[in-house]
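Below: the structure, in structure tokens.
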Amino acid sequence: MTLREYYDRKKGIYASEGTPAFNGQLRHSFPRGDGPADGAPRLAPFLRKQRARLVRQVAAATGQHRYLLDHVVREMTLRARTEDLRIPRGEDDALLDSAILLTSLSSQFVYGGHPRYQR
């Protein structure tokens with residue numbers, strides 16, 4: 001197997017992470033930018049800014065590996081930017097909601113909601 005084939009296979013595995021459930025959980029807490037949330041701050045820059053703090057706090061609370069949590073936060077950030085998700089309430093609430101969501105999504109990622117996490 002060539003290196004290109006190896007990475008193409010890995011890319012195929014991770015491409016299937018874009019499940020509707022993942023997007024649905026994000027949209028449940030953070031609405032899209034159209035409608036009443038149009039003037040609210042964007043979620044993607046907030047997640048980028050708070051990534052280290054979220055990863056550190058969730059890792060301490062759950063025992064999950066930081067690299068896995070970092071991967072999930074990056075995926076959340078990408079989806080938030082793609083979907084133009086907004087923060088409808090204050091940043092404190094957004095931080096709490098993001099931590100809860102990160103805990104849930106990382107658990108789904110490890111325990112069966114996503115294809116097996118492969119190195």
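A note on labels: chains of the structure tokens are A, B, ... as shown, every chain counts residues from 1, and ligands are counted from 1 in their shown order.
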
Give me the residues near A:Leu85 as a ChimeraX atom specification, where near means some atom within 6 Å (using only C-alpha atoms) and where sequence neighbours in that chain fewer than 5 positions away do not count.
/A:30-33,43,80

Taking 5 positions as the minimum chain separation for residues in the same chain, which residues sit within 9 Å of stretch 24-27 of chain A when counting only C-alpha atoms? Answer as a CSV table (one decimal) with N, CA and C atoms, in the first residue's frame.
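Output contents, as saved in around32.csv:
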chain,number,residue,atom,x,y,z
A,19,THR,N,-22.3,13.4,9.9
A,19,THR,CA,-23.6,12.8,10.0
A,19,THR,C,-24.6,13.9,10.3
A,32,ARG,N,-28.8,29.1,13.1
A,32,ARG,CA,-28.2,29.6,11.9
A,32,ARG,C,-28.3,31.1,11.9
A,76,MET,N,-16.3,20.8,15.0
A,76,MET,CA,-17.4,21.7,15.4
A,76,MET,C,-17.2,23.1,14.8
A,79,ARG,N,-17.9,23.0,11.1
A,79,ARG,CA,-19.4,23.0,10.9
A,79,ARG,C,-20.0,24.3,11.2
A,80,ALA,N,-19.6,24.9,12.3
A,80,ALA,CA,-20.2,26.2,12.7
A,80,ALA,C,-19.9,27.3,11.6
A,83,GLU,N,-22.1,26.2,8.4
A,83,GLU,CA,-23.6,26.5,8.7
A,83,GLU,C,-23.9,27.9,9.1
A,85,LEU,N,-23.4,29.3,12.1
A,85,LEU,CA,-24.1,29.2,13.4
A,85,LEU,C,-23.7,30.4,14.2
A,98,SER,N,-21.1,24.6,24.7
A,98,SER,CA,-20.1,24.0,23.9
A,98,SER,C,-19.4,22.9,24.6
A,101,LEU,N,-21.8,20.0,24.6
A,101,LEU,CA,-21.8,19.4,23.3
A,101,LEU,C,-20.5,18.6,23.0
A,105,LEU,N,-20.5,14.8,21.9
A,105,LEU,CA,-19.9,14.4,20.6
A,105,LEU,C,-18.7,13.5,20.7

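Relative to atom CA of A:Tyr111, atom CA of A:Leu47 is found at 23.8 Å.
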
Between A:Leu68, A:Ala40, A:Val58, A:Ala52, which one has atoms that come closest to A:Arg89, using only C-alpha atoms?
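Looking only at the distances to A:Arg89, the closest residue turns out to be A:Ala40.
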
Enumerate as a ChimeraX atom specification all residues of chain A assigned to alpha helix (DSSP H) by DSSP on the backbone, naming them with the chain letters and numbers the document uses.
/A:3-15,20-29,43-62,66-83,91-110

Create the file for the chosen residues now, containing C-alpha atoms and written as a PDB file, in the first residue's frame.
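Listing of again.pdb after writing:
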ATOM      1  CA  LEU A   3       1.316   6.392   1.343  1.00  0.00           C
ATOM      2  CA  ARG A   4      -1.229   8.059  -0.953  1.00  0.00           C
ATOM      3  CA  GLU A   5      -3.534   5.024  -0.736  1.00  0.00           C
ATOM      4  CA  TYR A   6      -3.178   4.984   3.036  1.00  0.00           C
ATOM      5  CA  TYR A   7      -4.195   8.629   3.382  1.00  0.00           C
ATOM      6  CA  ASP A   8      -6.987   8.295   0.822  1.00  0.00           C
ATOM      7  CA  ARG A   9      -8.389   5.457   2.934  1.00  0.00           C
ATOM      8  CA  LYS A  10      -8.148   7.554   6.117  1.00  0.00           C
ATOM      9  CA  LYS A  11      -9.796  10.488   4.362  1.00  0.00           C
ATOM     10  CA  GLY A  12     -12.671   8.211   3.384  1.00  0.00           C
ATOM     11  CA  ILE A  13     -13.104   7.086   6.986  1.00  0.00           C
ATOM     12  CA  TYR A  14     -13.217  10.627   8.353  1.00  0.00           C
ATOM     13  CA  ALA A  15     -15.420  11.945   5.552  1.00  0.00           C
ATOM     14  CA  PRO A  20     -26.889  14.666  10.291  1.00  0.00           C
ATOM     15  CA  ALA A  21     -26.885  13.938  14.047  1.00  0.00           C
ATOM     16  CA  PHE A  22     -23.639  15.886  14.473  1.00  0.00           C
ATOM     17  CA  ASN A  23     -25.055  18.889  12.618  1.00  0.00           C
ATOM     18  CA  GLY A  24     -28.398  18.534  14.383  1.00  0.00           C
ATOM     19  CA  GLN A  25     -26.837  18.695  17.833  1.00  0.00           C
ATOM     20  CA  LEU A  26     -24.929  21.831  16.900  1.00  0.00           C
ATOM     21  CA  ARG A  27     -28.011  23.499  15.430  1.00  0.00           C
ATOM     22  CA  HIS A  28     -30.078  22.573  18.477  1.00  0.00           C
ATOM     23  CA  SER A  29     -27.923  24.808  20.703  1.00  0.00           C
ATOM     24  CA  LEU A  43     -19.916  30.632  16.791  1.00  0.00           C
ATOM     25  CA  ALA A  44     -16.840  29.621  14.736  1.00  0.00           C
ATOM     26  CA  PRO A  45     -14.525  32.430  15.953  1.00  0.00           C
ATOM     27  CA  PHE A  46     -15.726  31.847  19.510  1.00  0.00           C
ATOM     28  CA  LEU A  47     -14.845  28.132  19.302  1.00  0.00           C
ATOM     29  CA  ARG A  48     -11.423  28.912  17.836  1.00  0.00           C
ATOM     30  CA  LYS A  49     -10.747  31.353  20.658  1.00  0.00           C
ATOM     31  CA  GLN A  50     -11.980  29.007  23.405  1.00  0.00           C
ATOM     32  CA  ARG A  51     -10.622  25.734  21.936  1.00  0.00           C
ATOM     33  CA  ALA A  52      -7.752  25.237  24.406  1.00  0.00           C
ATOM     34  CA  ARG A  53      -9.956  26.020  27.405  1.00  0.00           C
ATOM     35  CA  LEU A  54     -12.738  23.696  26.217  1.00  0.00           C
ATOM     36  CA  VAL A  55     -10.323  20.851  25.545  1.00  0.00           C
ATOM     37  CA  ARG A  56      -8.582  21.267  28.902  1.00  0.00           C
ATOM     38  CA  GLN A  57     -11.804  21.424  30.939  1.00  0.00           C
ATOM     39  CA  VAL A  58     -13.596  18.570  29.173  1.00  0.00           C
ATOM     40  CA  ALA A  59     -10.474  16.371  29.322  1.00  0.00           C
ATOM     41  CA  ALA A  60     -10.193  16.987  33.070  1.00  0.00           C
ATOM     42  CA  ALA A  61     -13.873  16.205  33.627  1.00  0.00           C
ATOM     43  CA  THR A  62     -14.213  13.152  31.361  1.00  0.00           C
ATOM     44  CA  ARG A  66      -6.959  15.877  24.533  1.00  0.00           C
ATOM     45  CA  TYR A  67      -6.053  15.108  20.925  1.00  0.00           C
ATOM     46  CA  LEU A  68      -9.476  13.518  20.398  1.00  0.00           C
ATOM     47  CA  LEU A  69     -11.253  16.477  21.983  1.00  0.00           C
ATOM     48  CA  ASP A  70      -9.180  18.885  19.915  1.00  0.00           C
ATOM     49  CA  HIS A  71     -10.188  16.992  16.771  1.00  0.00           C
ATOM     50  CA  VAL A  72     -13.872  17.231  17.705  1.00  0.00           C
ATOM     51  CA  VAL A  73     -13.633  20.970  18.512  1.00  0.00           C
ATOM     52  CA  ARG A  74     -11.976  21.587  15.142  1.00  0.00           C
ATOM     53  CA  GLU A  75     -14.784  19.674  13.458  1.00  0.00           C
ATOM     54  CA  MET A  76     -17.365  21.683  15.428  1.00  0.00           C
ATOM     55  CA  THR A  77     -15.630  24.897  14.320  1.00  0.00           C
ATOM     56  CA  LEU A  78     -15.670  23.827  10.681  1.00  0.00           C
ATOM     57  CA  ARG A  79     -19.376  22.957  10.861  1.00  0.00           C
ATOM     58  CA  ALA A  80     -20.170  26.203  12.670  1.00  0.00           C
ATOM     59  CA  ARG A  81     -18.459  28.190   9.925  1.00  0.00           C
ATOM     60  CA  THR A  82     -20.091  26.159   7.126  1.00  0.00           C
ATOM     61  CA  GLU A  83     -23.571  26.453   8.652  1.00  0.00           C
ATOM     62  CA  GLU A  91     -20.630  33.882  25.882  1.00  0.00           C
ATOM     63  CA  ASP A  92     -20.862  32.216  29.306  1.00  0.00           C
ATOM     64  CA  ASP A  93     -23.879  30.202  28.150  1.00  0.00           C
ATOM     65  CA  ALA A  94     -22.143  29.465  24.851  1.00  0.00           C
ATOM     66  CA  LEU A  95     -19.077  28.140  26.690  1.00  0.00           C
ATOM     67  CA  LEU A  96     -21.225  25.850  28.840  1.00  0.00           C
ATOM     68  CA  ASP A  97     -23.261  24.658  25.846  1.00  0.00           C
ATOM     69  CA  SER A  98     -20.063  24.044  23.875  1.00  0.00           C
ATOM     70  CA  ALA A  99     -18.532  22.011  26.711  1.00  0.00           C
ATOM     71  CA  ILE A 100     -21.664  19.882  27.036  1.00  0.00           C
ATOM     72  CA  LEU A 101     -21.812  19.393  23.288  1.00  0.00           C
ATOM     73  CA  LEU A 102     -18.103  18.519  23.123  1.00  0.00           C
ATOM     74  CA  THR A 103     -18.585  15.918  25.857  1.00  0.00           C
ATOM     75  CA  SER A 104     -21.520  14.362  24.034  1.00  0.00           C
ATOM     76  CA  LEU A 105     -19.934  14.377  20.580  1.00  0.00           C
ATOM     77  CA  SER A 106     -16.601  13.002  21.776  1.00  0.00           C
ATOM     78  CA  SER A 107     -18.376  10.169  23.591  1.00  0.00           C
ATOM     79  CA  GLN A 108     -20.364   9.358  20.455  1.00  0.00           C
ATOM     80  CA  PHE A 109     -17.162   9.497  18.460  1.00  0.00           C
ATOM     81  CA  VAL A 110     -15.398   6.987  20.720  1.00  0.00           C
TER      82      VAL A 110
END
